[in-house]
Amino acid sequence: MPLPFLTADRAFDAHEDSAGEDVLAHEDPDRWRRPYRPGPWRVAGAALLLLLAAFMLLATMIIAFAGTWSGALVCLAAALCVIGSALRMLMSGVWVSPAGLRQVSFFRTRSITWNEITEVRTVQQPVRWLGLPRTVQGQALTAAGPGGAELPVLLTDHNADFLSRTEAFDRAADMVEAWAEEYRTVPA
């Protein structure tokens, strides 16, 4: 079963192999694409959650064979919540389409059309380390709205996708900036 949220779009991978082709050309304009692969920290966290869910499902089966159906249902519901959390963790990140930019976090999804974005740029600033309260000096991909209003930080080089992968962060930031340049219309 293919898991499209786990890999970057093939068009982005093909860009590394052939520089002459148009990366932004695609067949389905309504499809949201992540311009980078999930990082090892994000995948490792999801794998640990799925391992925990496997043990919870095993416990569900044991409880069900023991005849305690209410306990088995509670354990099954908890296992399904853990599986959903792992999938949501894997889907977190920045997604792009011709319609706009979508920032998916664990609890919230925010979509912005390209016309609402005036500028996308990479800046040096204090960033959160793996999403924790601790901040370190790093790079962040930011977007500005109409009137210079700062939108939430899109990507950082110290998040779960790009920690100790600066080249991957640079490629992802360049790709999001390219989508912004391609699809954003400048008001006259």
# chains A, B, ... in the order shown; residues from 1 in each chain; ligands from 1
>>> residues_around(residues="Asp161 of chain A", least_positions_apart="3", cutoff="8 Å", atoms="only C-alpha atoms", output="NGL selection string")
:A and (37-42 or 157-158)
>>> residues_around(residues="Asp170 of chain A", least_positions_apart="5", cutoff="9 Å", atoms="only C-alpha atoms", output="ChimeraX atom specification")
/A:122,157,165,175
>>> atom_distance(atom1="atom CA of Phe55 of chain A", atom2="atom CA of Ala86 of chain A")
14.4 Å
>>> closest_residue(among="A:Ala180, A:Val104, A:Ala64, A:Leu58", to="Leu154 of chain A", atoms="only C-alpha atoms")
A:Val104
>>> select_by_dssp(residues="segment 46-105 of chain A", states="strand (DSSP E)", output="PDB file with C-alpha atoms, in the first residue's frame")
ATOM      1  CA  GLY A  93       5.009  19.826   7.515  1.00  0.00           C
ATOM      2  CA  VAL A  94       4.564  22.246   4.640  1.00  0.00           C
ATOM      3  CA  TRP A  95       2.558  21.182   1.592  1.00  0.00           C
ATOM      4  CA  VAL A  96       2.226  23.142  -1.668  1.00  0.00           C
ATOM      5  CA  SER A  97      -0.150  23.173  -4.616  1.00  0.00           C
ATOM      6  CA  GLY A 100      -1.544  27.825  -2.158  1.00  0.00           C
ATOM      7  CA  LEU A 101       0.526  26.758   0.787  1.00  0.00           C
ATOM      8  CA  ARG A 102      -0.643  24.461   3.586  1.00  0.00           C
ATOM      9  CA  GLN A 103       1.096  24.195   6.949  1.00  0.00           C
ATOM     10  CA  VAL A 104       0.107  21.025   8.774  1.00  0.00           C
TER      11      VAL A 104
END
>>> residues_around(residues="Ile63 of chain A", least_positions_apart="6", cutoff="9 Å", atoms="only C-alpha atoms", output="VMD selection string")
chain A and resid 69 71 to 72 75
>>> write_last_selection(atoms="all heavy atoms", output="PDB file, in the first residue's frame")
ATOM      1  N   TRP A  69     -14.854  -7.394  27.523  1.00  0.00           N
ATOM      2  CA  TRP A  69     -15.078  -6.639  26.291  1.00  0.00           C
ATOM      3  C   TRP A  69     -14.961  -5.140  26.485  1.00  0.00           C
ATOM      4  O   TRP A  69     -14.456  -4.440  25.599  1.00  0.00           O
ATOM      5  CB  TRP A  69     -16.432  -6.993  25.686  1.00  0.00           C
ATOM      6  CG  TRP A  69     -16.425  -8.394  25.177  1.00  0.00           C
ATOM      7  CD1 TRP A  69     -16.988  -9.483  25.769  1.00  0.00           C
ATOM      8  CD2 TRP A  69     -15.776  -8.861  24.001  1.00  0.00           C
ATOM      9  NE1 TRP A  69     -16.745 -10.613  25.030  1.00  0.00           N
ATOM     10  CE2 TRP A  69     -15.991 -10.256  23.926  1.00  0.00           C
ATOM     11  CE3 TRP A  69     -15.031  -8.262  23.000  1.00  0.00           C
ATOM     12  CZ2 TRP A  69     -15.503 -11.044  22.903  1.00  0.00           C
ATOM     13  CZ3 TRP A  69     -14.546  -9.044  21.974  1.00  0.00           C
ATOM     14  CH2 TRP A  69     -14.777 -10.418  21.932  1.00  0.00           C
ATOM     15  N   GLY A  71     -13.009  -3.525  28.553  1.00  0.00           N
ATOM     16  CA  GLY A  71     -11.574  -3.226  28.629  1.00  0.00           C
ATOM     17  C   GLY A  71     -10.902  -3.343  27.276  1.00  0.00           C
ATOM     18  O   GLY A  71     -10.005  -2.566  26.933  1.00  0.00           O
ATOM     19  N   ALA A  72     -11.327  -4.336  26.494  1.00  0.00           N
ATOM     20  CA  ALA A  72     -10.760  -4.513  25.157  1.00  0.00           C
ATOM     21  C   ALA A  72     -11.115  -3.331  24.253  1.00  0.00           C
ATOM     22  O   ALA A  72     -10.274  -2.860  23.478  1.00  0.00           O
ATOM     23  CB  ALA A  72     -11.259  -5.811  24.546  1.00  0.00           C
ATOM     24  N   CYS A  75      -8.950  -0.360  25.271  1.00  0.00           N
ATOM     25  CA  CYS A  75      -7.581  -0.560  24.797  1.00  0.00           C
ATOM     26  C   CYS A  75      -7.497  -0.397  23.278  1.00  0.00           C
ATOM     27  O   CYS A  75      -6.530   0.182  22.766  1.00  0.00           O
ATOM     28  CB  CYS A  75      -7.095  -1.938  25.233  1.00  0.00           C
ATOM     29  SG  CYS A  75      -5.322  -2.139  25.133  1.00  0.00           S
TER      30      CYS A  75
END
>>> residues_around(residues="Val43 of chain A", least_positions_apart="2", cutoff="12 Å", atoms="only C-alpha atoms", output="ChimeraX atom specification")
/A:5-7,37-41,45-50,86-92,160-162
>>> residues_around(residues="Val120 of chain A", least_positions_apart="5", cutoff="6 Å", atoms="only C-alpha atoms", output="PDB file with C-alpha atoms, in the first residue's frame")
ATOM      1  CA  THR A 142       9.085  32.680   6.664  1.00  0.00           C
ATOM      2  CA  ALA A 143       6.208  34.138   4.683  1.00  0.00           C
ATOM      3  CA  GLU A 177      10.143  29.805  -2.789  1.00  0.00           C
TER       4      GLU A 177
END
>>> residues_around(residues="Ala53 of chain A", least_positions_apart="3", cutoff="8 Å", atoms="only C-alpha atoms", output="list of chain:residue names")
A:Leu49, A:Leu50, A:Met56, A:Leu57, A:Ala79, A:Leu80, A:Val82, A:Ile83
>>> write_last_selection(atoms="all heavy atoms", output="JSON list (two decimals), in the first residue's frame")
[["chain", "number", "residue", "atom", "x", "y", "z"],
["A", 49, "LEU", "N", 5.86, 5.23, 18.03],
["A", 49, "LEU", "CA", 4.43, 5.23, 18.33],
["A", 49, "LEU", "C", 3.73, 4.02, 17.73],
["A", 49, "LEU", "O", 2.85, 3.42, 18.36],
["A", 49, "LEU", "CB", 3.77, 6.52, 17.82],
["A", 49, "LEU", "CG", 4.02, 7.77, 18.66],
["A", 49, "LEU", "CD1", 3.37, 8.98, 18.00],
["A", 49, "LEU", "CD2", 3.50, 7.59, 20.06],
["A", 50, "LEU", "N", 4.11, 3.64, 16.52],
["A", 50, "LEU", "CA", 3.51, 2.46, 15.90],
["A", 50, "LEU", "C", 3.91, 1.17, 16.63],
["A", 50, "LEU", "O", 3.11, 0.24, 16.73],
["A", 50, "LEU", "CB", 3.87, 2.38, 14.42],
["A", 50, "LEU", "CG", 3.21, 3.46, 13.55],
["A", 50, "LEU", "CD1", 3.75, 3.39, 12.13],
["A", 50, "LEU", "CD2", 1.70, 3.34, 13.58],
["A", 56, "MET", "N", -0.15, -2.37, 22.17],
["A", 56, "MET", "CA", -1.50, -2.09, 22.66],
["A", 56, "MET", "C", -2.53, -2.97, 21.97],
["A", 56, "MET", "O", -3.49, -3.44, 22.61],
["A", 56, "MET", "CB", -1.83, -0.61, 22.48],
["A", 56, "MET", "CG", -0.99, 0.30, 23.35],
["A", 56, "MET", "SD", -1.21, 2.04, 22.97],
["A", 56, "MET", "CE", -2.79, 2.32, 23.71],
["A", 57, "LEU", "N", -2.36, -3.22, 20.69],
["A", 57, "LEU", "CA", -3.28, -4.12, 19.98],
["A", 57, "LEU", "C", -3.13, -5.56, 20.46],
["A", 57, "LEU", "O", -4.13, -6.29, 20.54],
["A", 57, "LEU", "CB", -3.05, -4.02, 18.47],
["A", 57, "LEU", "CG", -3.49, -2.71, 17.83],
["A", 57, "LEU", "CD1", -3.04, -2.64, 16.38],
["A", 57, "LEU", "CD2", -4.99, -2.54, 17.94],
["A", 79, "ALA", "N", -5.29, 2.38, 21.25],
["A", 79, "ALA", "CA", -4.35, 1.99, 20.20],
["A", 79, "ALA", "C", -4.63, 2.75, 18.91],
["A", 79, "ALA", "O", -3.71, 3.19, 18.22],
["A", 79, "ALA", "CB", -4.41, 0.49, 19.96],
["A", 80, "LEU", "N", -5.91, 2.90, 18.58],
["A", 80, "LEU", "CA", -6.27, 3.66, 17.37],
["A", 80, "LEU", "C", -5.88, 5.13, 17.50],
["A", 80, "LEU", "O", -5.46, 5.75, 16.51],
["A", 80, "LEU", "CB", -7.76, 3.51, 17.07],
["A", 80, "LEU", "CG", -8.19, 2.11, 16.62],
["A", 80, "LEU", "CD1", -9.70, 2.05, 16.45],
["A", 80, "LEU", "CD2", -7.46, 1.69, 15.37],
["A", 82, "VAL", "N", -3.27, 6.22, 19.18],
["A", 82, "VAL", "CA", -1.81, 6.24, 19.02],
["A", 82, "VAL", "C", -1.45, 6.10, 17.54],
["A", 82, "VAL", "O", -0.55, 6.79, 17.04],
["A", 82, "VAL", "CB", -1.15, 5.14, 19.88],
["A", 82, "VAL", "CG1", 0.32, 4.99, 19.55],
["A", 82, "VAL", "CG2", -1.33, 5.43, 21.35],
["A", 83, "ILE", "N", -2.15, 5.23, 16.81],
["A", 83, "ILE", "CA", -1.90, 5.07, 15.37],
["A", 83, "ILE", "C", -2.23, 6.37, 14.64],
["A", 83, "ILE", "O", -1.48, 6.83, 13.77],
["A", 83, "ILE", "CB", -2.70, 3.89, 14.80],
["A", 83, "ILE", "CG1", -2.16, 2.58, 15.35],
["A", 83, "ILE", "CG2", -2.67, 3.89, 13.27],
["A", 83, "ILE", "CD1", -3.02, 1.37, 15.04]]
>>> select_by_dssp(residues="segment 52-137 of chain A", states="helix (DSSP H, G or I)", output="MDAnalysis selection string")
chainID A and resid 52:66 69:91 114:116
>>> atom_distance(atom1="atom CA of Met61 of chain A", atom2="atom CA of Ala78 of chain A")
13.2 Å
>>> closest_residue(among="A:Glu167, A:Gly145, A:Asp30, A:Ala59", to="Leu73 of chain A", atoms="only C-alpha atoms")
A:Ala59
>>> atom_distance(atom1="atom CA of Ala168 of chain A", atom2="atom CA of Trp32 of chain A")
19.5 Å
